[in-house]
file upload.cif (mmCIF, C-alpha atoms)
data_model
#
loop_
_atom_site.label_atom_id
_atom_site.label_comp_id
_atom_site.auth_asym_id
_atom_site.auth_seq_id
_atom_site.Cartn_x
_atom_site.Cartn_y
_atom_site.Cartn_z
CA MET A 9 -3.84 -16.87 9.11
CA SER A 10 -3.79 -20.47 7.83
CA SER A 11 -5.18 -21.69 4.52
CA GLY A 12 -7.87 -23.42 6.59
CA ASP A 13 -8.90 -20.04 7.99
CA GLY A 14 -9.07 -18.61 4.47
CA GLN A 15 -11.27 -21.48 3.39
CA ILE A 16 -13.60 -20.91 6.39
CA ILE A 17 -13.86 -17.16 5.66
CA ALA A 18 -14.56 -17.81 1.96
CA PHE A 19 -17.15 -20.48 2.75
CA THR A 20 -18.90 -18.23 5.29
CA ALA A 21 -18.99 -15.23 2.93
CA TRP A 22 -20.14 -17.43 0.03
CA SER A 23 -22.92 -19.06 2.11
CA ALA A 24 -24.08 -15.69 3.46
CA GLY A 25 -24.06 -14.23 -0.06
CA LEU A 26 -26.06 -17.16 -1.42
CA ALA A 27 -28.55 -16.90 1.47
CA VAL A 28 -29.09 -13.21 0.66
CA VAL A 29 -29.47 -13.91 -3.07
CA LEU A 30 -32.05 -16.63 -2.35
CA ASN A 31 -33.91 -14.30 0.01
CA LEU A 32 -33.86 -11.33 -2.33
CA ALA A 33 -36.98 -11.93 -4.45
CA PRO A 34 -39.25 -13.15 -1.61
CA ALA A 35 -37.99 -10.42 0.74
CA VAL A 36 -38.60 -7.66 -1.83
CA ALA A 37 -42.05 -9.04 -2.65
CA LEU A 38 -43.07 -9.42 1.00
CA ALA A 39 -41.65 -6.02 1.97
CA TRP A 40 -43.62 -4.38 -0.85
CA VAL A 41 -46.84 -6.18 0.10
CA LEU A 42 -46.41 -5.22 3.76
CA ALA A 43 -45.64 -1.60 2.85
CA ARG A 44 -48.42 -1.10 0.31
CA LYS A 45 -51.30 -3.51 0.96
CA ARG A 46 -53.78 -4.05 3.73
CA TRP A 47 -55.38 -7.40 4.22
CA PHE A 48 -56.93 -9.55 6.90
CA GLY A 49 -54.22 -11.36 8.87
CA LYS A 50 -51.45 -8.93 7.94
CA SER A 51 -50.30 -8.52 11.54
CA LEU A 52 -50.04 -12.30 11.88
CA VAL A 53 -47.73 -12.45 8.85
CA GLU A 54 -45.71 -9.51 10.25
CA THR A 55 -45.27 -11.35 13.55
CA LEU A 56 -44.31 -14.62 11.87
CA VAL A 57 -41.74 -12.88 9.68
CA ALA A 58 -40.18 -11.09 12.66
CA LEU A 59 -40.17 -14.21 14.85
CA PRO A 60 -36.58 -15.33 14.12
CA LEU A 61 -35.41 -11.91 15.35
CA VAL A 62 -36.61 -12.57 18.89
CA LEU A 63 -36.74 -16.36 19.10
CA PRO A 64 -33.53 -17.89 20.51
CA PRO A 65 -31.51 -18.83 17.40
CA VAL A 66 -31.08 -22.34 18.80
CA ALA A 67 -34.87 -22.68 18.94
CA THR A 68 -35.12 -21.55 15.32
CA GLY A 69 -32.39 -24.08 14.49
CA LEU A 70 -34.31 -26.86 16.22
CA ILE A 71 -37.48 -25.98 14.27
CA LEU A 72 -35.45 -26.05 11.06
CA LEU A 73 -33.90 -29.38 12.01
CA LYS A 74 -37.35 -30.85 12.66
CA LEU A 75 -38.49 -29.54 9.26
CA PHE A 76 -35.41 -30.42 7.20
CA GLY A 77 -34.19 -33.50 9.09
CA ARG A 78 -34.55 -36.89 7.42
CA ASN A 79 -37.87 -37.51 9.12
CA GLY A 80 -39.10 -33.93 8.82
CA PRO A 81 -41.86 -33.04 6.37
CA LEU A 82 -39.59 -30.96 4.14
CA GLY A 83 -36.53 -33.16 4.62
CA ARG A 84 -38.39 -36.32 3.49
CA TRP A 85 -39.75 -34.54 0.46
CA LEU A 86 -36.37 -33.09 -0.47
CA GLU A 87 -34.61 -36.41 0.09
CA ALA A 88 -36.96 -38.00 -2.43
CA LEU A 89 -35.67 -35.39 -4.88
CA GLY A 90 -32.10 -36.26 -3.96
CA VAL A 91 -31.48 -33.09 -1.94
CA GLU A 92 -30.11 -33.36 1.58
CA VAL A 93 -30.14 -30.22 3.71
CA ALA A 94 -29.44 -31.18 7.32
CA PHE A 95 -25.71 -31.40 8.16
CA THR A 96 -24.62 -30.21 4.72
CA TRP A 97 -23.55 -26.81 3.33
CA LYS A 98 -27.16 -26.38 2.20
CA GLY A 99 -28.18 -26.45 5.85
CA VAL A 100 -25.75 -23.59 6.53
CA VAL A 101 -27.35 -21.55 3.74
CA VAL A 102 -30.90 -22.33 4.89
CA ALA A 103 -30.12 -21.36 8.50
CA MET A 104 -28.45 -18.13 7.37
CA ALA A 105 -31.33 -17.32 5.00
CA VAL A 106 -33.98 -17.84 7.67
CA MET A 107 -32.11 -15.72 10.22
CA ALA A 108 -31.35 -12.93 7.74
CA PHE A 109 -34.85 -12.79 6.21
CA PRO A 110 -36.60 -10.66 8.90
CA LEU A 111 -33.85 -8.02 8.84
CA MET A 112 -33.94 -7.86 5.06
CA VAL A 113 -37.73 -7.52 4.97
CA ARG A 114 -37.67 -4.87 7.68
CA GLY A 115 -35.11 -2.69 5.87
CA MET A 116 -36.78 -3.10 2.51
CA ARG A 117 -40.23 -2.39 3.89
CA ILE A 118 -39.05 0.93 5.33
CA ALA A 119 -37.54 1.72 1.91
CA PHE A 120 -40.84 1.03 0.11
CA GLU A 121 -42.81 3.01 2.70
CA GLY A 122 -40.50 5.94 1.99
CA VAL A 123 -41.59 6.11 -1.66
CA ASN A 124 -44.33 8.71 -2.08
CA PRO A 125 -47.46 6.76 -3.14
CA ARG A 126 -48.55 9.84 -5.08
CA LEU A 127 -45.83 9.06 -7.65
CA GLU A 128 -47.28 5.59 -8.20
CA GLN A 129 -50.79 7.03 -8.48
CA VAL A 130 -49.73 9.56 -11.09
CA ALA A 131 -47.90 6.81 -13.01
CA ALA A 132 -51.19 4.88 -13.08
CA THR A 133 -53.03 7.90 -14.51
CA LEU A 134 -50.34 7.97 -17.22
CA GLY A 135 -51.39 4.46 -18.26
CA ALA A 136 -48.82 2.36 -16.38
CA GLY A 137 -49.86 -1.02 -14.95
CA PRO A 138 -48.75 -2.31 -11.53
CA TRP A 139 -45.64 -4.13 -12.85
CA ARG A 140 -44.41 -1.16 -14.85
CA ILE A 141 -44.99 1.12 -11.86
CA PHE A 142 -43.04 -1.25 -9.61
CA TRP A 143 -40.06 -1.62 -11.95
CA THR A 144 -39.85 1.99 -13.13
CA ILE A 145 -40.94 4.02 -10.08
CA THR A 146 -41.17 2.11 -6.80
CA LEU A 147 -38.10 -0.14 -7.01
CA PRO A 148 -35.66 2.47 -8.41
CA LEU A 149 -36.71 4.96 -5.73
CA ALA A 150 -36.44 2.34 -2.97
CA MET A 151 -33.27 0.77 -4.40
CA ARG A 152 -30.77 2.13 -1.89
CA GLY A 153 -32.93 1.00 1.01
CA VAL A 154 -33.45 -2.39 -0.63
CA LEU A 155 -29.69 -2.79 -1.05
CA ALA A 156 -29.09 -1.62 2.52
CA GLY A 157 -31.55 -4.28 3.71
CA ALA A 158 -29.72 -6.92 1.69
CA VAL A 159 -26.34 -5.86 3.07
CA LEU A 160 -27.71 -5.90 6.61
CA GLY A 161 -29.05 -9.40 5.97
CA PHE A 162 -25.60 -10.41 4.71
CA ALA A 163 -24.05 -9.08 7.91
CA ARG A 164 -26.55 -11.01 10.01
CA ALA A 165 -25.93 -14.19 8.02
CA LEU A 166 -22.13 -13.86 8.47
CA GLY A 167 -22.46 -14.03 12.24
CA GLU A 168 -25.08 -16.78 12.32
CA PHE A 169 -24.35 -19.41 14.96
CA GLY A 170 -27.24 -20.97 16.90
CA ALA A 171 -29.50 -22.06 14.05
CA THR A 172 -26.53 -23.18 11.95
CA ILE A 173 -25.01 -25.45 14.58
CA LEU A 174 -28.36 -27.19 15.05
CA LEU A 175 -29.25 -27.62 11.39
CA ALA A 176 -25.82 -28.05 9.79
CA GLY A 177 -23.62 -29.15 12.67
CA SER A 178 -20.01 -28.08 12.87
CA ILE A 179 -18.26 -30.35 10.39
CA PRO A 180 -14.70 -29.24 9.46
CA GLY A 181 -14.35 -28.66 5.74
CA LYS A 182 -18.06 -29.11 5.20
CA THR A 183 -20.22 -26.85 7.35
CA MET A 184 -17.67 -24.94 9.40
CA THR A 185 -18.39 -21.21 9.41
CA LEU A 186 -16.53 -18.34 11.05
CA SER A 187 -18.56 -18.31 14.25
CA LEU A 188 -18.60 -22.10 14.56
CA SER A 189 -14.84 -22.21 14.10
CA ILE A 190 -14.22 -19.49 16.70
CA TYR A 191 -16.46 -21.37 19.13
CA ARG A 192 -14.62 -24.66 18.49
CA ASP A 193 -11.22 -23.04 19.03
CA ILE A 194 -12.33 -21.50 22.32
CA GLN A 195 -13.86 -24.78 23.46
CA LEU A 196 -10.59 -26.53 22.77
CA GLY A 197 -8.64 -23.86 24.64
CA ARG A 198 -6.97 -22.58 21.47
CA ASP A 199 -7.86 -18.92 22.02
CA GLU A 200 -4.95 -17.67 19.90
CA ALA A 201 -5.99 -19.77 16.93
CA ALA A 202 -9.36 -18.02 17.01
CA LEU A 203 -7.84 -14.53 16.74
CA PRO A 204 -7.42 -14.33 12.93
CA LEU A 205 -11.00 -15.48 12.46
CA LEU A 206 -12.19 -13.06 15.12
CA LEU A 207 -10.43 -10.25 13.26
CA ALA A 208 -11.97 -11.39 9.95
CA SER A 209 -15.43 -11.43 11.58
CA VAL A 210 -15.01 -7.89 12.85
CA VAL A 211 -13.74 -6.62 9.49
CA LEU A 212 -16.53 -8.31 7.49
CA ALA A 213 -19.30 -7.22 9.88
CA PHE A 214 -17.93 -3.68 10.11
CA GLY A 215 -17.67 -3.42 6.31
CA ALA A 216 -21.20 -4.71 5.77
CA LEU A 217 -22.73 -2.42 8.41
CA TRP A 218 -20.77 0.56 7.14
CA ALA A 219 -21.94 -0.10 3.57
CA SER A 220 -25.53 -0.46 4.78
CA GLU A 221 -25.36 2.84 6.69
CA ARG A 222 -23.81 4.64 3.71
CA LEU A 223 -26.58 3.38 1.44
CA LEU A 224 -29.25 4.49 3.91
CA GLN A 225 -27.71 7.93 4.31
CA ARG A 226 -27.90 8.50 0.56
CA ALA A 227 -31.40 7.03 0.24
CA MET B 2 -66.36 16.76 -23.47
CA LYS B 3 -69.26 15.71 -21.29
CA LEU B 4 -68.62 14.49 -17.79
CA PHE B 5 -71.60 13.24 -15.80
CA LEU B 6 -71.31 13.02 -12.03
CA GLU B 7 -74.48 11.40 -10.80
CA ALA B 8 -75.16 11.31 -7.06
CA LEU B 9 -71.43 10.84 -6.64
CA THR B 10 -70.82 10.29 -2.94
CA ILE B 11 -67.25 10.71 -1.76
CA PRO B 12 -66.15 9.79 1.77
CA LEU B 13 -64.28 12.55 3.60
CA GLY B 14 -63.12 10.77 6.74
CA GLU B 15 -64.69 12.22 9.85
CA LYS B 16 -66.73 14.79 7.92
CA PRO B 17 -70.03 14.05 6.20
CA PRO B 18 -69.48 12.72 2.66
CA LEU B 19 -69.46 15.04 -0.34
CA VAL B 20 -72.44 14.39 -2.59
CA ILE B 21 -72.27 15.93 -6.03
CA ASP B 22 -74.59 15.94 -9.05
CA ALA B 23 -73.22 17.78 -12.07
CA ILE B 24 -72.83 17.71 -15.83
CA LEU B 25 -69.54 19.30 -16.86
CA SER B 26 -68.99 20.35 -20.43
CA GLY B 27 -66.81 23.47 -20.34
CA SER B 28 -63.38 23.62 -21.89
CA ILE B 29 -61.90 24.86 -18.61
CA THR B 30 -64.21 24.12 -15.72
CA ALA B 31 -63.40 25.34 -12.24
CA ILE B 32 -64.23 23.32 -9.18
CA PHE B 33 -64.46 26.15 -6.75
CA GLY B 34 -64.84 26.18 -3.01
CA PRO B 35 -63.06 26.76 0.28
CA SER B 36 -60.28 24.51 1.57
CA GLY B 37 -61.25 21.16 3.05
CA VAL B 38 -64.59 20.66 1.30
CA GLY B 39 -63.34 17.70 -0.75
CA LYS B 40 -62.22 19.27 -4.03
CA THR B 41 -59.04 17.19 -4.21
CA SER B 42 -60.97 14.06 -3.21
CA LEU B 43 -63.36 14.74 -6.08
CA LEU B 44 -60.48 14.98 -8.57
CA GLU B 45 -58.91 11.78 -7.19
CA THR B 46 -62.24 9.99 -7.55
CA ILE B 47 -62.63 11.10 -11.16
CA ALA B 48 -59.03 10.06 -11.85
CA GLY B 49 -59.73 6.59 -10.39
CA LEU B 50 -57.38 6.93 -7.43
CA ARG B 51 -60.11 6.75 -4.81
CA ARG B 52 -63.36 4.77 -4.66
CA PRO B 53 -66.63 6.64 -4.11
CA MET B 54 -69.26 5.31 -1.69
CA ALA B 55 -71.94 5.49 -4.39
CA GLY B 56 -72.88 7.17 -7.63
CA ARG B 57 -71.85 7.17 -11.26
CA ILE B 58 -69.16 8.83 -13.35
CA VAL B 59 -69.54 8.83 -17.13
CA LEU B 60 -67.07 10.55 -19.46
CA ASP B 61 -68.14 10.97 -23.07
CA GLY B 62 -70.34 7.88 -22.88
CA ARG B 63 -67.69 5.75 -21.11
CA VAL B 64 -68.73 4.54 -17.68
CA LEU B 65 -65.84 5.08 -15.27
CA GLU B 66 -67.61 4.32 -12.02
CA GLU B 67 -70.93 2.64 -11.37
CA GLY B 68 -72.09 0.40 -8.52
CA GLY B 69 -69.37 -2.21 -7.97
CA PHE B 70 -67.60 -1.35 -11.22
CA SER B 71 -64.56 0.93 -11.23
CA LEU B 72 -62.43 1.41 -14.32
CA PRO B 73 -58.74 1.33 -13.24
CA ALA B 74 -56.94 4.69 -13.35
CA ARG B 75 -54.56 3.43 -16.04
CA GLU B 76 -57.46 2.80 -18.44
CA ARG B 77 -59.34 6.06 -17.87
CA ARG B 78 -57.23 8.31 -20.09
CA ILE B 79 -57.60 11.10 -17.57
CA GLY B 80 -54.50 13.17 -16.89
CA TYR B 81 -53.94 14.27 -13.31
CA VAL B 82 -51.58 16.95 -12.06
CA PRO B 83 -51.64 16.94 -8.24
CA GLN B 84 -50.76 19.93 -6.15
CA ASP B 85 -47.32 18.53 -5.34
CA LEU B 86 -46.86 17.73 -9.08
CA ALA B 87 -45.38 14.29 -8.33
CA LEU B 88 -42.63 14.52 -10.92
CA PHE B 89 -40.52 11.36 -10.90
CA PRO B 90 -37.33 12.56 -9.18
CA HIS B 91 -35.07 9.79 -10.52
CA LEU B 92 -35.96 10.42 -14.17
CA ASP B 93 -34.87 13.36 -16.30
CA VAL B 94 -37.43 15.72 -17.79
CA ARG B 95 -37.53 13.83 -21.11
CA ALA B 96 -38.25 10.51 -19.38
CA ASN B 97 -40.86 12.20 -17.20
CA LEU B 98 -42.56 13.70 -20.24
CA LEU B 99 -42.55 10.45 -22.20
CA TYR B 100 -43.61 8.20 -19.30
CA GLY B 101 -47.22 8.07 -20.46
CA ASN B 102 -46.45 8.47 -24.15
CA ARG B 103 -45.18 5.17 -25.47
CA GLY B 104 -45.38 5.94 -29.16
CA SER B 105 -49.01 4.86 -29.47
CA GLY B 106 -49.78 8.09 -31.32
CA ALA B 107 -52.54 8.83 -28.79
CA GLY B 108 -50.97 12.02 -27.46
CA PRO B 109 -49.47 15.11 -29.02
CA MET B 110 -45.85 15.21 -30.22
CA LEU B 111 -43.08 15.86 -27.71
CA SER B 112 -41.79 18.73 -29.83
CA ASP B 113 -45.22 20.44 -29.88
CA VAL B 114 -45.59 20.20 -26.13
CA CYS B 115 -42.02 21.40 -25.52
CA GLU B 116 -42.63 24.37 -27.77
CA ALA B 117 -46.00 25.33 -26.29
CA LEU B 118 -44.82 25.03 -22.70
CA GLU B 119 -41.27 26.25 -23.40
CA ILE B 120 -39.60 23.27 -21.76
CA GLY B 121 -37.37 22.13 -24.63
CA PRO B 122 -34.12 23.33 -22.99
CA LEU B 123 -34.95 21.39 -19.81
CA LEU B 124 -35.13 17.90 -21.32
CA SER B 125 -31.92 16.51 -19.88
CA ARG B 126 -32.37 18.00 -16.40
CA ARG B 127 -33.71 16.30 -13.29
CA PRO B 128 -36.90 17.69 -11.70
CA GLY B 129 -35.03 18.62 -8.51
CA SER B 130 -32.93 21.14 -10.41
CA LEU B 131 -35.92 23.00 -11.91
CA SER B 132 -37.63 26.12 -10.59
CA GLY B 133 -41.23 25.92 -9.34
CA GLY B 134 -42.62 27.33 -12.59
CA GLU B 135 -40.56 24.95 -14.72
CA GLN B 136 -41.69 21.98 -12.64
CA ARG B 137 -45.33 22.97 -13.16
CA ARG B 138 -44.89 23.21 -16.91
CA VAL B 139 -43.15 19.81 -17.03
CA ALA B 140 -45.97 18.23 -14.98
CA LEU B 141 -48.53 19.74 -17.39
CA GLY B 142 -46.53 18.48 -20.38
CA ARG B 143 -46.24 14.97 -18.94
CA ALA B 144 -50.00 14.72 -18.41
CA LEU B 145 -50.67 16.17 -21.87
CA LEU B 146 -48.31 13.79 -23.70
CA ALA B 147 -50.24 10.75 -22.47
CA GLY B 148 -53.10 11.91 -24.71
CA PRO B 149 -55.80 12.38 -22.07
CA GLN B 150 -59.49 12.95 -22.83
CA LEU B 151 -59.66 15.17 -19.78
CA LEU B 152 -57.04 16.88 -17.64
CA LEU B 153 -57.47 17.34 -13.90
CA LEU B 154 -55.41 20.10 -12.29
CA ASP B 155 -55.31 20.46 -8.53
CA GLU B 156 -54.65 24.10 -7.64
CA PRO B 157 -51.87 24.55 -10.22
CA LEU B 158 -51.27 28.15 -9.15
CA ALA B 159 -51.47 27.70 -5.38
CA HIS B 160 -48.49 28.86 -3.33
CA LEU B 161 -46.99 30.78 -6.28
CA ASP B 162 -46.11 34.45 -6.08
CA VAL B 163 -48.08 36.86 -8.23
CA ALA B 164 -45.42 37.21 -10.93
CA LEU B 165 -45.06 33.45 -11.39
CA ARG B 166 -48.84 33.02 -11.39
CA GLU B 167 -49.10 35.52 -14.23
CA ARG B 168 -46.41 33.65 -16.15
CA ILE B 169 -48.07 30.22 -15.76
CA MET B 170 -51.59 31.32 -16.71
CA PRO B 171 -50.98 31.52 -20.47
CA TYR B 172 -49.63 27.95 -20.40
CA LEU B 173 -52.86 26.77 -18.79
CA LEU B 174 -54.87 28.53 -21.47
CA SER B 175 -52.72 26.88 -24.13
CA LEU B 176 -54.01 23.47 -22.95
CA ARG B 177 -57.37 24.53 -24.32
CA ASP B 178 -56.31 26.74 -27.23
CA HIS B 179 -53.39 24.72 -28.55
CA PHE B 180 -54.20 21.13 -27.65
CA GLY B 181 -57.99 21.21 -27.23
CA VAL B 182 -57.86 19.16 -24.03
CA PRO B 183 -60.72 19.94 -21.63
CA VAL B 184 -59.58 20.83 -18.13
CA LEU B 185 -61.14 20.41 -14.70
CA TYR B 186 -59.44 22.88 -12.48
CA VAL B 187 -59.59 22.92 -8.69
CA THR B 188 -59.11 26.31 -7.08
CA HIS B 189 -60.26 28.48 -4.22
CA SER B 190 -59.33 31.70 -5.98
CA ALA B 191 -62.25 33.64 -7.48
CA ARG B 192 -59.76 35.66 -9.51
CA GLU B 193 -58.41 32.54 -11.24
CA VAL B 194 -61.95 31.38 -11.98
CA GLU B 195 -62.68 34.73 -13.60
CA ARG B 196 -59.48 34.76 -15.66
CA LEU B 197 -59.30 31.16 -16.82
CA CYS B 198 -62.56 29.29 -16.62
CA ASP B 199 -65.68 29.15 -18.76
CA ALA B 200 -67.75 27.06 -16.35
CA VAL B 201 -67.82 26.71 -12.57
CA VAL B 202 -68.97 24.02 -10.16
CA THR B 203 -69.17 25.44 -6.67
CA ILE B 204 -68.78 23.17 -3.67
CA PRO B 205 -70.14 25.00 -0.63
#

call {"tool": "encode", "arguments": {"input": "upload.cif", "output": "structure tokens"}}
result
Amino acid sequence: MSSGDGQIIAFTAWSAGLAVVLNLAPAVALAWVLARKRWFGKSLVETLVALPLVLPPVATGLILLKLFGRNGPLGRWLEALGVEVAFTWKGVVVAMAVMAFPLMVRGMRIAFEGVNPRLEQVAATLGAGPWRIFWTITLPLAMRGVLAGAVLGFARALGEFGATILLAGSIPGKTMTLSLSIYRDIQLGRDEAALPLLLASVVLAFGALWASERLLQRA
Amino acid sequence: MKLFLEALTIPLGEKPPLVIDAILSGSITAIFGPSGVGKTSLLETIAGLRRPMAGRIVLDGRVLEEGGFSLPARERRIGYVPQDLALFPHLDVRANLLYGNRGSGAGPMLSDVCEALEIGPLLSRRPGSLSGGEQRRVALGRALLAGPQLLLLDEPLAHLDVALRERIMPYLLSLRDHFGVPVLYVTHSAREVERLCDAVVTIP
């Protein structure tokens, strides 16, 4: 494995980790709302959240490019603030975050649904407000499932390809992730060069999935 | 304690709603009736965990439910021990007991409750490691320590064998005798009503 490979693995893991961290608060909040509240239009939100799971990743990437590109509504606004997303490492993180979000929400929602609402009701009769109930009862009891959702999201982000190549390109030393690098090596007929990265992908994905399963088994 | 239930109308899903008019003032009042008539729903409505279709609830001059107004459960100062007890499984007994008692001085002292219910030696244990009788006493203690004006117990002796039932009964009486907290007690056992209660509301 070359030092370049090491840099690609570190960059991919770092970007996936950052994507998960950025997703954490909104994913937990949305998962809780979906698990506990009923409101008009809920199924529409559920469908929108799940959309990146079934949409071709390249299509999701194109939507992101249109949004975050220089002429896109978000891209223009961010550029005015001095932030460039398309074809930078930030684009990699955004693409990973968007693709990982539905999986994270799904896992966390199941975790919240598994918490007996009776416990929250009794906590309310003991004088606890909604925030205290969430932090002291709901979240601790759902914690393993929440972590499993986050780890699953991390695994998904590690393997992200389609949306990333559209939004961030495949720029060596700048936006090159594991999957993009493997693809480039294969395209250039350097199958053997792709092997160390292939092995790293398998190890990382296996480790993340294994950790997620272990957390769910104990939940 | 005076609890007014005025034309309180509680939805029961597919069944016709339960309509109840009553003034409750006993120290241990039984809500008596067969299974499925809405006794638990009535307790949940009084506790503020379920909205009635109509009617009023007034506890010692405080309006809890009236028209569009519903006082949140956390502000009612009504303790509730459901049938499944709902002890917090991730907290030890001490943390369970003190969950609703945040040093405001509103409730009794932890040591008094531990002594009366004989749960002192259990403080560092998790609910999952307790016997059924111990869990019931901890759930009673937790509700008591929050300093409630009224305690709602949903069939606290259901599914217990005779020996355990006999052992728990004195603890229920101690809620009245030792702590002076009025109790609304859901049951479908006439024997329990006879042994424990000084007033009865029958739901047919």

call {"tool": "residues_around", "arguments": {"input": "upload.cif", "residues": "Ala23 in chain B", "least_positions_apart": "2", "cutoff": "7 Å", "atoms": "all atoms listed in the file", "output": "PyMOL selection string"}}
result
chain B and resi 5-7+21+25

call {"tool": "resolve_selection", "arguments": {"input": "upload.cif", "expression": "the PyMOL selection byres ((chain A and resi 16) around 10)", "output": "MDAnalysis selection string"}}
result
chainID A and resid 10:15 17:22 180:189 205

call {"tool": "atom_distance", "arguments": {"input": "upload.cif", "atom1": "CA of Leu224 in chain A", "atom2": "CA of Met151 in chain A"}}
result
10.0 Å

call {"tool": "interface_residues", "arguments": {"input": "upload.cif", "of": "chain A", "to": "chain B", "cutoff": "9 Å", "atoms": "all atoms listed in the file", "output": "VMD selection string"}}
result
chain A and resid 124 126 to 137 145 148 to 149

call {"tool": "closest_residue", "arguments": {"input": "upload.cif", "among": "A:Val123, A:Met112, A:Ala43, A:Ala219", "to": "Leu147 in chain A", "atoms": "only C-alpha atoms"}}
result
A:Val123

call {"tool": "residues_around", "arguments": {"input": "upload.cif", "residues": "Arg126 in chain B", "least_positions_apart": "6", "cutoff": "9 Å", "atoms": "all atoms listed in the file", "output": "PyMOL selection string"}}
result
chain B and resi 92-95

call {"tool": "residues_around", "arguments": {"input": "upload.cif", "residues": "Gly157 in chain A", "least_positions_apart": "6", "cutoff": "12 Å", "atoms": "only C-alpha atoms", "output": "ChimeraX atom specification"}}
result
/A:28-29,31-32,35-36,39,108-120,150-151,163-164,216-217,219-224,227

call {"tool": "residues_around", "arguments": {"input": "upload.cif", "residues": "Thr96 in chain A", "least_positions_apart": "6", "cutoff": "12 Å", "atoms": "only C-alpha atoms", "output": "JSON, numbers by chain"}}
result
{"A": [23, 73, 76, 77, 102, 103, 172, 173, 174, 175, 176, 177, 178, 179, 180, 181, 182, 183, 184, 185]}

call {"tool": "atom_distance", "arguments": {"input": "upload.cif", "atom1": "CA of Pro125 in chain A", "atom2": "CA of Val53 in chain A"}}
result
22.6 Å

call {"tool": "atom_distance", "arguments": {"input": "upload.cif", "atom1": "CA of Val93 in chain A", "atom2": "CA of Arg78 in chain A"}}
result
8.8 Å

call {"tool": "resolve_selection", "arguments": {"input": "upload.cif", "expression": "the PyMOL selection byres ((chain B and resi 113-125) around 10)", "output": "ChimeraX atom specification"}}
result
/B:92-98,108-112,126-128,130-131,135-139,141-143,145-146,169,171-173,175-176,179-180

call {"tool": "resolve_selection", "arguments": {"input": "upload.cif", "expression": "the PyMOL selection byres ((chain B and resi 195-199) around 12)", "output": "PyMOL selection string"}}
result
chain B and resi 25-33+157-158+166-167+169-178+183-194+200-202

call {"tool": "residues_around", "arguments": {"input": "upload.cif", "residues": "Glu67 in chain B", "least_positions_apart": "5", "cutoff": "9 Å", "atoms": "all atoms listed in the file", "output": "list in words"}}
result
Ala55, Gly56, Arg57, Ile58 and Val59 of chain B

call {"tool": "closest_residue", "arguments": {"input": "upload.cif", "among": "B:Val163, B:Gly62, B:Gly133, B:Thr10", "to": "Asp22 in chain B", "atoms": "all atoms listed in the file"}}
result
B:Thr10
